[in-house]
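Asks: Take this structure, written in structure tokens, and hold onto it; I'll ask about it next.
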Amino acid sequence: SQQGEEDPQALSIQEGENATMNCSYKTSINNLQWYRQNSGRGLVHLILIRSNEREKHSGRLRVTLDTSKKSSSLLITASRAADTASYFCATRAQKLVFGQGTRLTINP
Amino acid sequence: DGGITQSPKYLFRKEGQNVTLSCEQNLNHDAMYWYRQDPGQGLRLIYYSQIVNDFQKGDIAEGYSVSREKKESFPLTVTSAQKNPTAFYLCASSIGGDTGELFFGEGSRLTVL
């Protein structure tokens, strides 16, 4: 399976700190996407990185992609309490396949 | 505003009953998807449709059925053949092709009593 696997499964940090989440996958991909899900809500697309890109930024988000290691990381800088959510990576080949997510808790 | 709407948000069903979840989008997207999410888990693809009047099975299609008679609508029926239907169901849409991001609805939580 090409399913992404996030690490850690859960992360708890203090407000203002940076949060890093990792995603590993098994097969070649066209792109990798990160999504956010607040409890009991739908997913919201955060950022897409193509297989020929190595790094991408969007506001306080920084995503890296290492296709040789089949891994990606999502960095949220200067975290806020409102960043508390689950974060999912999704890898795209023929279909978009989601990992199991990282539950991020930002403590005020 | 453009978006994707799922209804109902909460639904209770007795065992042996079929139930249909609604998904409507006004984004003019060609592709639509149904995912199932269990507690603490990722999303698993049930069915998807790349174009009107066509749809394909995803990874866990058994016990589910769909139709795509209109571009904006992609209802999901959870049949009595689905052995463990209690879950959170998410509908999504995308422009199409193999690169686009997905836009999600707010989900429907189905509980079988």
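Scheme for the structure tokens: letters A, B, ... for chains in order shown; per-chain residue numbers from 1; ligand numbers from 1 in order shown.
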Determine which residues of chain B sit within 10 Å of chain A, taking into account only C-alpha atoms, and present them as a ChimeraX atom specification.
Replies: /B:37,40-45,48,58,88-92,97-109
Asks: Would you return as an NGL selection string the members of chain A that DSSP assigns to strand (DSSP E or B) on this structure's backbone?
Replies: :A and (5-7 or 10-14 or 19-24 or 31-37 or 43-50 or 55-58 or 61-66 or 71-76 or 85-92 or 96-98 or 102-107)
Asks: Show me, as a VMD selection string, the residues that have an atom within 7 Å of Ala81 in chain A when counting only C-alpha atoms, minus same-chain residues fewer than 3 positions from it.
Replies: chain A and resid 15 84 106 to 108
Asks: Take the residues from that selection and put them in a file with N, CA, C and O atoms, as a PDB file, in the first residue's frame.
Replies:
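So again.pdb came out as:
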```
ATOM      1  N   GLU A  15       1.972  26.794  23.463  1.00  0.00           N
ATOM      2  CA  GLU A  15       1.718  27.858  22.487  1.00  0.00           C
ATOM      3  C   GLU A  15       3.007  28.642  22.237  1.00  0.00           C
ATOM      4  O   GLU A  15       3.768  28.931  23.170  1.00  0.00           O
ATOM      5  N   THR A  84      -4.769  23.633  17.241  1.00  0.00           N
ATOM      6  CA  THR A  84      -5.154  22.327  17.770  1.00  0.00           C
ATOM      7  C   THR A  84      -6.106  21.631  16.800  1.00  0.00           C
ATOM      8  O   THR A  84      -7.187  22.146  16.497  1.00  0.00           O
ATOM      9  N   ILE A 106      -2.222  22.197  21.191  1.00  0.00           N
ATOM     10  CA  ILE A 106      -1.446  23.371  21.566  1.00  0.00           C
ATOM     11  C   ILE A 106      -1.976  23.861  22.914  1.00  0.00           C
ATOM     12  O   ILE A 106      -3.144  24.246  23.025  1.00  0.00           O
ATOM     13  N   ASN A 107      -1.120  23.829  23.914  1.00  0.00           N
ATOM     14  CA  ASN A 107      -1.516  24.240  25.270  1.00  0.00           C
ATOM     15  C   ASN A 107      -1.246  25.733  25.476  1.00  0.00           C
ATOM     16  O   ASN A 107      -0.155  26.203  25.185  1.00  0.00           O
ATOM     17  N   PRO A 108      -2.255  26.475  25.966  1.00  0.00           N
ATOM     18  CA  PRO A 108      -2.088  27.923  26.134  1.00  0.00           C
ATOM     19  C   PRO A 108      -1.076  28.258  27.230  1.00  0.00           C
ATOM     20  O   PRO A 108      -0.812  27.443  28.107  1.00  0.00           O
TER      21      PRO A 108
END
```
Asks: Name the residues in contact with Thr86 in chain B at a cut-off of 8 Å, using only C-alpha atoms, excluding same-chain residues fewer than 4 positions from it; report them as an MDAnalysis selection string.
Replies: chainID B and resid 109:112
Asks: Put those residues in a file: all heavy atoms, as a short mmCIF file (atom, residue, chain, number, x, y, z; two decimals), in the first residue's frame.
Replies:
```cif
data_model
loop_
_atom_site.label_atom_id
_atom_site.label_comp_id
_atom_site.auth_asym_id
_atom_site.auth_seq_id
_atom_site.Cartn_x
_atom_site.Cartn_y
_atom_site.Cartn_z
N ARG B 109 -22.52 11.90 10.59
CA ARG B 109 -22.20 10.85 11.57
C ARG B 109 -23.37 9.88 11.66
O ARG B 109 -24.46 10.27 12.07
CB ARG B 109 -21.91 11.44 12.94
CG ARG B 109 -21.39 10.39 13.94
CD ARG B 109 -20.86 11.03 15.21
NE ARG B 109 -19.73 11.92 14.96
CZ ARG B 109 -18.48 11.53 14.77
NH1 ARG B 109 -18.20 10.23 14.78
NH2 ARG B 109 -17.52 12.41 14.60
N LEU B 110 -23.13 8.65 11.27
CA LEU B 110 -24.16 7.61 11.27
C LEU B 110 -23.95 6.68 12.46
O LEU B 110 -22.84 6.18 12.67
CB LEU B 110 -24.11 6.81 9.97
CG LEU B 110 -25.01 5.57 9.89
CD1 LEU B 110 -26.48 5.95 9.98
CD2 LEU B 110 -24.74 4.79 8.60
N THR B 111 -25.02 6.48 13.21
CA THR B 111 -24.98 5.55 14.34
C THR B 111 -26.05 4.50 14.14
O THR B 111 -27.23 4.84 13.94
CB THR B 111 -25.21 6.28 15.66
OG1 THR B 111 -24.22 7.30 15.82
CG2 THR B 111 -25.12 5.31 16.84
N VAL B 112 -25.66 3.26 14.20
CA VAL B 112 -26.62 2.15 14.10
C VAL B 112 -26.95 1.66 15.49
O VAL B 112 -26.06 1.32 16.28
CB VAL B 112 -26.04 1.01 13.24
CG1 VAL B 112 -26.99 -0.18 13.26
CG2 VAL B 112 -25.83 1.50 11.82
#
```
Asks: Could you tell me which of B:Arg68, B:Glu24, B:Gln82, B:Tyr35 comes closest to Asp54 in chain B if we count only C-alpha atoms?
Replies: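 Looking at the shortest contact to Asp54 in chain B, the residue is B:Arg68.
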Asks: For the atom pair CA of Asp59 in chain B and CA of Gly2 in chain B, what is the interatomic distance in Å to one decimal place?
Replies: 28.9 Å
Asks: Nearest to Thr20 in chain A among A:Asp66, A:Glu55, A:Asp7, A:Asp83, with distances taken over only C-alpha atoms: which residue is it?
Replies: A:Asp7
Asks: Choose the residue, out of B:Tyr47, B:Phe55, B:Phe12, B:Phe74, that has the smallest atom-to-atom separation from Ala87 in chain B; count only C-alpha atoms.
Replies: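 Smallest separation from Ala87 in chain B among the options: B:Phe12.
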Asks: By how many Å are CA of Pro8 in chain A and CA of Ser73 in chain A apart?
Replies: 11.1 Å
Asks: Neighbouring residues of Gly3 in chain B were defined as those with any atom within 7 Å, considering only C-alpha atoms; residues of the same chain fewer than 4 positions away were excluded. Please report them as a PyMOL selection string.
Replies: chain B and resi 25-27
